[in-house]
>>> print(open('data.tsv').read())   # TSV, C-alpha atoms
chain	number	residue	atom	x	y	z
A	261	MET	CA	-15.51	1.28	-11.60
A	262	ILE	CA	-16.92	0.18	-8.27
A	263	TYR	CA	-15.17	0.88	-4.98
A	264	GLN	CA	-16.20	-1.11	-1.94
A	265	LEU	CA	-15.00	-2.57	1.31
A	266	LEU	CA	-13.72	-6.12	0.84
A	267	THR	CA	-15.61	-8.79	2.75
A	268	GLU	CA	-15.62	-12.57	2.92
A	269	GLU	CA	-18.57	-12.43	0.53
A	270	ASN	CA	-16.94	-10.40	-2.27
A	271	PHE	CA	-13.29	-11.48	-1.88
A	272	HIS	CA	-11.77	-14.96	-1.81
A	273	SER	CA	-8.41	-16.72	-2.13
A	274	HIS	CA	-8.48	-16.48	-5.96
A	275	SER	CA	-9.54	-12.82	-6.18
A	276	LEU	CA	-6.01	-11.69	-7.06
A	277	ASP	CA	-5.42	-14.36	-9.72
A	278	GLY	CA	-5.79	-11.80	-12.54
A	279	PHE	CA	-4.05	-8.97	-10.68
A	280	ILE	CA	-0.87	-7.72	-12.39
A	281	ARG	CA	1.60	-6.39	-9.81
A	282	ARG	CA	4.42	-6.09	-12.35
A	283	GLN	CA	6.65	-3.07	-11.96
A	284	GLU	CA	9.84	-2.35	-13.87
A	285	VAL	CA	12.02	-0.41	-11.48
A	286	ALA	CA	14.87	1.70	-12.85
A	287	GLU	CA	15.52	4.16	-10.00
A	288	CYS	CA	15.02	4.06	-6.23
A	289	TRP	CA	15.40	6.60	-3.45
A	290	ARG	CA	18.13	5.90	-0.90
A	291	LYS	CA	19.44	7.99	1.96
A	292	ARG	CA	23.13	8.76	1.48
A	293	GLY	CA	24.98	11.08	3.84
A	294	GLY	CA	21.68	12.17	5.39
A	295	GLN	CA	20.23	13.21	2.01
A	296	TRP	CA	17.74	11.41	-0.21
A	297	LYS	CA	19.20	10.55	-3.60
A	298	LEU	CA	17.60	8.89	-6.63
A	299	LEU	CA	19.94	6.05	-7.58
A	300	PRO	CA	20.03	3.73	-10.58
A	301	ILE	CA	18.69	0.50	-9.11
A	302	ALA	CA	17.05	-1.70	-11.73
A	303	TYR	CA	14.92	-4.81	-11.29
A	304	VAL	CA	11.48	-6.15	-12.10
A	305	GLU	CA	9.04	-6.80	-9.30
A	306	ASP	CA	6.26	-9.23	-10.09
A	307	TRP	CA	4.00	-11.55	-8.17
A	308	SER	CA	3.62	-15.17	-9.20
A	309	LEU	CA	0.23	-16.85	-8.94
A	310	GLU	CA	1.40	-18.38	-5.66
A	311	ASP	CA	2.38	-14.89	-4.39
A	312	ARG	CA	-1.02	-13.47	-5.36
A	313	ARG	CA	-2.89	-16.29	-3.61
A	314	ARG	CA	-0.74	-15.97	-0.48
A	315	ARG	CA	-1.49	-12.25	-0.38
A	316	ALA	CA	-5.19	-12.92	-0.96
A	317	GLU	CA	-5.20	-15.26	2.06
A	318	SER	CA	-3.48	-12.57	4.11
A	319	ILE	CA	-6.08	-10.00	3.03
A	320	LEU	CA	-8.86	-12.41	3.99
A	321	GLN	CA	-7.27	-12.86	7.41
A	322	CYS	CA	-7.07	-9.08	7.81
A	323	VAL	CA	-10.79	-8.80	6.99
A	324	LYS	CA	-11.61	-11.58	9.49
A	325	ASP	CA	-9.52	-9.79	12.13
A	326	GLY	CA	-11.46	-6.55	11.66
A	327	GLY	CA	-9.04	-4.71	9.38
A	328	LEU	CA	-10.37	-2.54	6.59
A	329	VAL	CA	-9.52	-3.32	2.97
A	330	TYR	CA	-10.97	-1.23	0.15
A	331	GLY	CA	-11.14	-2.60	-3.36
A	332	ALA	CA	-11.58	-1.17	-6.84
A	333	TRP	CA	-13.52	-3.45	-9.18
A	334	GLU	CA	-13.95	-3.42	-12.91
A	335	GLY	CA	-16.82	-5.84	-13.34
A	336	GLU	CA	-15.84	-9.00	-11.47
A	337	ARG	CA	-12.12	-8.18	-11.56
A	338	LEU	CA	-10.33	-6.64	-8.57
A	339	ILE	CA	-7.92	-4.07	-10.01
A	340	GLY	CA	-6.77	-2.24	-6.90
A	341	PHE	CA	-6.82	-2.40	-3.13
A	342	ALA	CA	-5.77	-0.49	-0.02
A	343	GLN	CA	-5.45	-2.30	3.30
A	344	LEU	CA	-5.46	-0.81	6.78
A	345	SER	CA	-4.40	-3.28	9.42
A	346	GLY	CA	-3.19	-3.81	12.92
A	347	PRO	CA	-3.81	-1.78	16.03
A	348	ARG	CA	-2.89	1.88	16.13
A	349	PHE	CA	0.66	2.66	17.21
A	350	GLY	CA	3.02	5.56	17.85
A	351	SER	CA	3.73	7.66	20.92
A	352	ARG	CA	0.06	8.74	21.04
A	353	ASN	CA	-1.44	5.81	19.09
A	354	GLN	CA	-1.74	8.31	16.26
A	355	TYR	CA	-0.82	5.97	13.40
A	356	ILE	CA	-2.56	3.18	11.54
A	357	ASP	CA	-0.68	1.14	8.97
A	358	LEU	CA	-1.51	1.37	5.27
A	359	ALA	CA	-0.22	-2.18	4.97
A	360	ARG	CA	-0.95	-2.76	1.28
A	361	PHE	CA	-1.72	-0.34	-1.50
A	362	HIS	CA	-1.62	-1.59	-5.09
A	363	VAL	CA	-3.23	-0.98	-8.47
A	364	SER	CA	-2.98	-3.59	-11.23
A	365	GLU	CA	-0.48	-2.51	-13.91
A	366	PRO	CA	-2.91	-1.86	-16.81
A	367	PHE	CA	-5.03	0.45	-14.59
A	368	ARG	CA	-2.34	2.70	-13.14
A	369	ARG	CA	-2.36	6.48	-13.72
A	370	GLN	CA	-6.16	6.60	-14.03
A	371	GLY	CA	-7.01	8.00	-10.58
A	372	ILE	CA	-7.82	4.60	-9.06
A	373	GLY	CA	-5.01	4.82	-6.52
A	374	LYS	CA	-6.06	8.34	-5.56
A	375	GLU	CA	-9.62	7.17	-4.81
A	376	LEU	CA	-8.39	4.12	-2.87
A	377	PHE	CA	-6.08	6.38	-0.87
A	378	ARG	CA	-9.03	8.69	-0.09
A	379	LEU	CA	-11.09	5.71	1.09
A	380	ALA	CA	-8.21	4.45	3.24
A	381	CYS	CA	-7.93	7.90	4.83
A	382	GLN	CA	-11.67	7.92	5.53
A	383	GLY	CA	-11.44	4.46	7.11
A	384	ALA	CA	-8.41	5.45	9.18
A	385	ARG	CA	-10.31	8.46	10.56
A	386	GLU	CA	-13.22	6.18	11.46
A	387	LEU	CA	-10.76	3.97	13.37
A	388	GLY	CA	-9.61	7.01	15.35
A	389	ALA	CA	-6.19	7.48	13.75
A	390	GLU	CA	-4.61	10.89	13.23
A	391	LYS	CA	-2.18	9.70	10.55
A	392	LEU	CA	-1.62	6.94	8.04
A	393	TYR	CA	1.75	5.22	8.35
A	394	ILE	CA	3.25	3.99	5.09
A	395	SER	CA	6.33	1.82	4.67
A	396	ALA	CA	6.58	2.95	1.05
A	397	HIS	CA	8.30	1.19	-1.83
A	398	SER	CA	11.29	3.40	-2.66
A	399	ALA	CA	11.01	3.20	-6.46
A	400	LYS	CA	10.68	6.55	-8.23
A	401	GLU	CA	7.06	6.10	-9.41
A	402	PRO	CA	5.35	5.05	-6.16
A	403	MET	CA	7.26	7.73	-4.25
A	404	ALA	CA	6.06	10.36	-6.73
A	405	ALA	CA	2.48	9.21	-6.12
A	406	TYR	CA	2.83	9.35	-2.32
A	407	TYR	CA	4.29	12.85	-2.49
A	408	ALA	CA	1.48	13.92	-4.85
A	409	TYR	CA	-1.05	12.66	-2.26
A	410	GLY	CA	0.63	14.87	0.36
A	411	CYS	CA	2.63	12.24	2.24
A	412	VAL	CA	5.83	13.25	4.04
A	413	GLU	CA	8.59	11.42	5.88
A	414	ALA	CA	7.30	9.88	9.10
A	415	GLU	CA	7.91	11.88	12.26
A	416	GLU	CA	8.23	8.61	14.18
A	417	ILE	CA	9.75	5.47	12.67
A	418	TYR	CA	7.84	2.28	13.41
A	419	TRP	CA	10.80	-0.08	13.64
A	420	PRO	CA	8.93	-3.39	13.22
A	421	LEU	CA	7.98	-2.27	9.69
A	422	ALA	CA	11.21	-0.43	8.91
A	423	LYS	CA	13.31	-3.49	9.80
A	424	LYS	CA	11.16	-5.79	7.62
A	425	GLU	CA	11.73	-3.59	4.54
A	426	PRO	CA	14.97	-1.65	5.12
A	427	CYS	CA	14.89	-0.07	1.64
A	428	ASP	CA	11.36	1.31	2.09
A	429	VAL	CA	10.81	4.98	2.86
A	430	GLN	CA	8.90	5.47	6.12
A	431	MET	CA	6.15	8.01	5.44
A	432	GLU	CA	3.00	9.42	6.97
A	433	TYR	CA	-0.10	11.28	5.93
A	434	ARG	CA	-1.95	13.56	8.34
A	435	LEU	CA	-5.67	12.82	8.19
>>> encode(input="data.tsv", output="structure tokens")
Amino acid sequence: MIYQLLTEENFHSHSLDGFIRRQEVAECWRKRGGQWKLLPIAYVEDWSLEDRRRRAESILQCVKDGGLVYGAWEGERLIGFAQLSGPRFGSRNQYIDLARFHVSEPFRRQGIGKELFRLACQGARELGAEKLYISAHSAKEPMAAYYAYGCVEAEEIYWPLAKKEPCDVQMEYRL
């Protein structure tokens, strides 16, 4: 396994062609009456080839714009990535957005996400952030991972992200 910063030299518009985003969701966290509850919400999330290429183009644009994207490679195949993007924000510019954080389905639960998260934290510190901001997928499994990493509910809600994904859980991680 090789972890490295994605660049225009090692990442291109077809780099996610073999990436498997598939996730069978059975339960999601929702706030009801001020309390978080795990509810039976079932669906399958998957990216088509067109979705993967559109996201690859977006990652390339992030790299060109100076954002940091860390990748996990098995040989020539990208199997995970963590993207920091945008300017810092928050009342003290304390946050930077962990905009994308994914591990290909066959490689989950092997510590790859943990290492990518560590690299994202390192990069966020280098960019002067105090905290990662995460608009986290509310499914049971990703939320369990974020809590295991030490993430908590965000002290400040960044409404541009929260409005885009109203079912996400707004989280943070102190660096």
>>> residues_around(input="data.tsv", residues="range 382-392 of chain A", least_positions_apart="3", cutoff="8 Å", atoms="only C-alpha atoms", output="list in words")
Leu328, Leu344, Arg348, Asn353, Gln354, Tyr355, Ile356, Asp357, Leu358, Arg378, Leu379, Glu432, Tyr433, Arg434 and Leu435 of chain A
>>> closest_atom_pairs(input="data.tsv", of="range 287-323 of chain A", to="range 264-281 of chain A", cutoff="6 Å", atoms="only C-alpha atoms", output="JSON lines")
{"residue": "A:Asp306", "atom": "CA", "partner": "A:Arg281", "partner_atom": "CA", "distance": 5.5}
{"residue": "A:Trp307", "atom": "CA", "partner": "A:Arg281", "partner_atom": "CA", "distance": 5.9}
{"residue": "A:Arg312", "atom": "CA", "partner": "A:Leu276", "partner_atom": "CA", "distance": 5.6}
{"residue": "A:Arg313", "atom": "CA", "partner": "A:Ser273", "partner_atom": "CA", "distance": 5.7}
{"residue": "A:Ala316", "atom": "CA", "partner": "A:Ser273", "partner_atom": "CA", "distance": 5.1}
{"residue": "A:Glu317", "atom": "CA", "partner": "A:Ser273", "partner_atom": "CA", "distance": 5.5}
>>> closest_residue(input="data.tsv", among="A:Tyr393, A:Tyr409, A:Tyr303, A:Trp289", to="Gly373 in chain A", atoms="all atoms listed in the file")
A:Tyr409
>>> atom_distance(input="data.tsv", atom1="CA of Pro402 in chain A", atom2="CA of Ala422 in chain A")
17.1 Å
>>> residues_near_point(input="data.tsv", point="(-10.3, 0.9, -3.5)", cutoff="8 Å", atoms="all atoms listed in the file", output="count of residues only")
18
>>> closest_residue(input="data.tsv", among="A:Leu299, A:Ala359, A:Ile262, A:Leu309", to="Gly327 in chain A", atoms="all atoms listed in the file")
A:Ala359
>>> atom_distance(input="data.tsv", atom1="CA of Ile417 in chain A", atom2="CA of Asp325 in chain A")
24.6 Å
>>> atom_distance(input="data.tsv", atom1="CA of Val363 in chain A", atom2="CA of Ser318 in chain A")
17.1 Å
>>> residues_near_point(input="data.tsv", point="(17.3, 6.3, -0.4)", cutoff="12 Å", atoms="all atoms listed in the file", output="count of residues only")
27
>>> closest_residue(input="data.tsv", among="A:Ser364, A:Arg369, A:Cys411, A:Ala286", to="Glu334 in chain A", atoms="all atoms listed in the file")
A:Ser364
>>> closest_residue(input="data.tsv", among="A:Lys424, A:Ile394, A:Lys374, A:Arg315", to="Ala408 in chain A", atoms="all atoms listed in the file")
A:Lys374
>>> closest_residue(input="data.tsv", among="A:Met261, A:Cys381, A:Ile339, A:Met431", to="Glu365 in chain A", atoms="only C-alpha atoms")
A:Ile339
>>> residues_around(input="data.tsv", residues="Gly326 in chain A", least_positions_apart="3", cutoff="9 Å", atoms="all atoms listed in the file", output="ChimeraX atom specification")
/A:321-323,345-346
>>> build_atoms(input="data.tsv", residues="range 391-402 of chain A", atoms="all heavy atoms", output="PDB file, in the frame of the given file")
ATOM      1  N   LYS A 391      -3.083   9.775  11.699  1.00  0.00           N
ATOM      2  CA  LYS A 391      -2.180   9.700  10.550  1.00  0.00           C
ATOM      3  C   LYS A 391      -2.153   8.292   9.983  1.00  0.00           C
ATOM      4  O   LYS A 391      -2.288   7.319  10.724  1.00  0.00           O
ATOM      5  CB  LYS A 391      -0.747  10.053  10.965  1.00  0.00           C
ATOM      6  CG  LYS A 391      -0.564  11.432  11.534  1.00  0.00           C
ATOM      7  CD  LYS A 391       0.880  11.625  11.957  1.00  0.00           C
ATOM      8  CE  LYS A 391       1.111  13.025  12.497  1.00  0.00           C
ATOM      9  NZ  LYS A 391       2.538  13.251  12.799  1.00  0.00           N
ATOM     10  N   LEU A 392      -1.951   8.216   8.675  1.00  0.00           N
ATOM     11  CA  LEU A 392      -1.620   6.940   8.040  1.00  0.00           C
ATOM     12  C   LEU A 392      -0.113   6.768   8.156  1.00  0.00           C
ATOM     13  O   LEU A 392       0.639   7.742   8.024  1.00  0.00           O
ATOM     14  CB  LEU A 392      -1.946   6.962   6.547  1.00  0.00           C
ATOM     15  CG  LEU A 392      -3.362   6.769   6.084  1.00  0.00           C
ATOM     16  CD1 LEU A 392      -3.383   6.765   4.553  1.00  0.00           C
ATOM     17  CD2 LEU A 392      -3.961   5.496   6.616  1.00  0.00           C
ATOM     18  N   TYR A 393       0.326   5.543   8.380  1.00  0.00           N
ATOM     19  CA  TYR A 393       1.750   5.220   8.350  1.00  0.00           C
ATOM     20  C   TYR A 393       1.971   4.362   7.121  1.00  0.00           C
ATOM     21  O   TYR A 393       1.231   3.412   6.874  1.00  0.00           O
ATOM     22  CB  TYR A 393       2.174   4.466   9.606  1.00  0.00           C
ATOM     23  CG  TYR A 393       3.669   4.308   9.709  1.00  0.00           C
ATOM     24  CD1 TYR A 393       4.429   5.264  10.377  1.00  0.00           C
ATOM     25  CD2 TYR A 393       4.326   3.226   9.128  1.00  0.00           C
ATOM     26  CE1 TYR A 393       5.805   5.137  10.470  1.00  0.00           C
ATOM     27  CE2 TYR A 393       5.702   3.100   9.209  1.00  0.00           C
ATOM     28  CZ  TYR A 393       6.435   4.057   9.882  1.00  0.00           C
ATOM     29  OH  TYR A 393       7.804   3.932   9.963  1.00  0.00           O
ATOM     30  N   ILE A 394       2.997   4.697   6.346  1.00  0.00           N
ATOM     31  CA  ILE A 394       3.250   3.990   5.090  1.00  0.00           C
ATOM     32  C   ILE A 394       4.720   3.603   5.031  1.00  0.00           C
ATOM     33  O   ILE A 394       5.595   4.470   5.050  1.00  0.00           O
ATOM     34  CB  ILE A 394       2.903   4.880   3.874  1.00  0.00           C
ATOM     35  CG1 ILE A 394       1.467   5.398   3.980  1.00  0.00           C
ATOM     36  CG2 ILE A 394       3.129   4.129   2.572  1.00  0.00           C
ATOM     37  CD1 ILE A 394       1.305   6.825   3.593  1.00  0.00           C
ATOM     38  N   SER A 395       4.985   2.312   4.970  1.00  0.00           N
ATOM     39  CA  SER A 395       6.330   1.820   4.670  1.00  0.00           C
ATOM     40  C   SER A 395       6.341   1.706   3.155  1.00  0.00           C
ATOM     41  O   SER A 395       5.953   0.687   2.585  1.00  0.00           O
ATOM     42  CB  SER A 395       6.574   0.484   5.368  1.00  0.00           C
ATOM     43  OG  SER A 395       7.902   0.067   5.171  1.00  0.00           O
ATOM     44  N   ALA A 396       6.778   2.779   2.492  1.00  0.00           N
ATOM     45  CA  ALA A 396       6.580   2.950   1.050  1.00  0.00           C
ATOM     46  C   ALA A 396       7.707   2.367   0.223  1.00  0.00           C
ATOM     47  O   ALA A 396       8.886   2.548   0.541  1.00  0.00           O
ATOM     48  CB  ALA A 396       6.439   4.441   0.724  1.00  0.00           C
ATOM     49  N   HIS A 397       7.325   1.689  -0.843  1.00  0.00           N
ATOM     50  CA  HIS A 397       8.300   1.190  -1.830  1.00  0.00           C
ATOM     51  C   HIS A 397       9.105   2.382  -2.318  1.00  0.00           C
ATOM     52  O   HIS A 397       8.544   3.430  -2.654  1.00  0.00           O
ATOM     53  CB  HIS A 397       7.536   0.543  -2.986  1.00  0.00           C
ATOM     54  CG  HIS A 397       8.377  -0.275  -3.895  1.00  0.00           C
ATOM     55  ND1 HIS A 397       9.364   0.280  -4.685  1.00  0.00           N
ATOM     56  CD2 HIS A 397       8.390  -1.605  -4.137  1.00  0.00           C
ATOM     57  CE1 HIS A 397       9.938  -0.677  -5.385  1.00  0.00           C
ATOM     58  NE2 HIS A 397       9.368  -1.832  -5.067  1.00  0.00           N
ATOM     59  N   SER A 398      10.425   2.254  -2.371  1.00  0.00           N
ATOM     60  CA  SER A 398      11.290   3.400  -2.660  1.00  0.00           C
ATOM     61  C   SER A 398      11.504   3.691  -4.139  1.00  0.00           C
ATOM     62  O   SER A 398      12.232   4.628  -4.479  1.00  0.00           O
ATOM     63  CB  SER A 398      12.650   3.191  -1.988  1.00  0.00           C
ATOM     64  OG  SER A 398      13.286   2.047  -2.531  1.00  0.00           O
ATOM     65  N   ALA A 399      10.864   2.932  -5.030  1.00  0.00           N
ATOM     66  CA  ALA A 399      11.010   3.200  -6.460  1.00  0.00           C
ATOM     67  C   ALA A 399      10.468   4.596  -6.790  1.00  0.00           C
ATOM     68  O   ALA A 399       9.572   5.118  -6.119  1.00  0.00           O
ATOM     69  CB  ALA A 399      10.293   2.141  -7.290  1.00  0.00           C
ATOM     70  N   LYS A 400      11.010   5.178  -7.828  1.00  0.00           N
ATOM     71  CA  LYS A 400      10.680   6.550  -8.230  1.00  0.00           C
ATOM     72  C   LYS A 400       9.168   6.772  -8.389  1.00  0.00           C
ATOM     73  O   LYS A 400       8.625   7.762  -7.895  1.00  0.00           O
ATOM     74  CB  LYS A 400      11.406   6.853  -9.542  1.00  0.00           C
ATOM     75  CG  LYS A 400      11.168   8.223 -10.092  1.00  0.00           C
ATOM     76  CD  LYS A 400      11.918   8.399 -11.408  1.00  0.00           C
ATOM     77  CE  LYS A 400      11.643   9.716 -12.056  1.00  0.00           C
ATOM     78  NZ  LYS A 400      12.386   9.842 -13.330  1.00  0.00           N
ATOM     79  N   GLU A 401       8.479   5.882  -9.091  1.00  0.00           N
ATOM     80  CA  GLU A 401       7.060   6.100  -9.410  1.00  0.00           C
ATOM     81  C   GLU A 401       6.142   6.047  -8.191  1.00  0.00           C
ATOM     82  O   GLU A 401       5.328   6.969  -8.000  1.00  0.00           O
ATOM     83  CB  GLU A 401       6.601   5.095 -10.478  1.00  0.00           C
ATOM     84  CG  GLU A 401       7.296   5.265 -11.817  1.00  0.00           C
ATOM     85  CD  GLU A 401       8.698   4.652 -11.891  1.00  0.00           C
ATOM     86  OE1 GLU A 401       9.130   3.998 -10.911  1.00  0.00           O
ATOM     87  OE2 GLU A 401       9.370   4.836 -12.928  1.00  0.00           O
ATOM     88  N   PRO A 402       6.223   5.014  -7.329  1.00  0.00           N
ATOM     89  CA  PRO A 402       5.350   5.050  -6.160  1.00  0.00           C
ATOM     90  C   PRO A 402       5.649   6.227  -5.231  1.00  0.00           C
ATOM     91  O   PRO A 402       4.734   6.820  -4.662  1.00  0.00           O
ATOM     92  CB  PRO A 402       5.595   3.720  -5.445  1.00  0.00           C
ATOM     93  CG  PRO A 402       6.593   2.972  -6.223  1.00  0.00           C
ATOM     94  CD  PRO A 402       6.943   3.756  -7.441  1.00  0.00           C
TER      95      PRO A 402
END
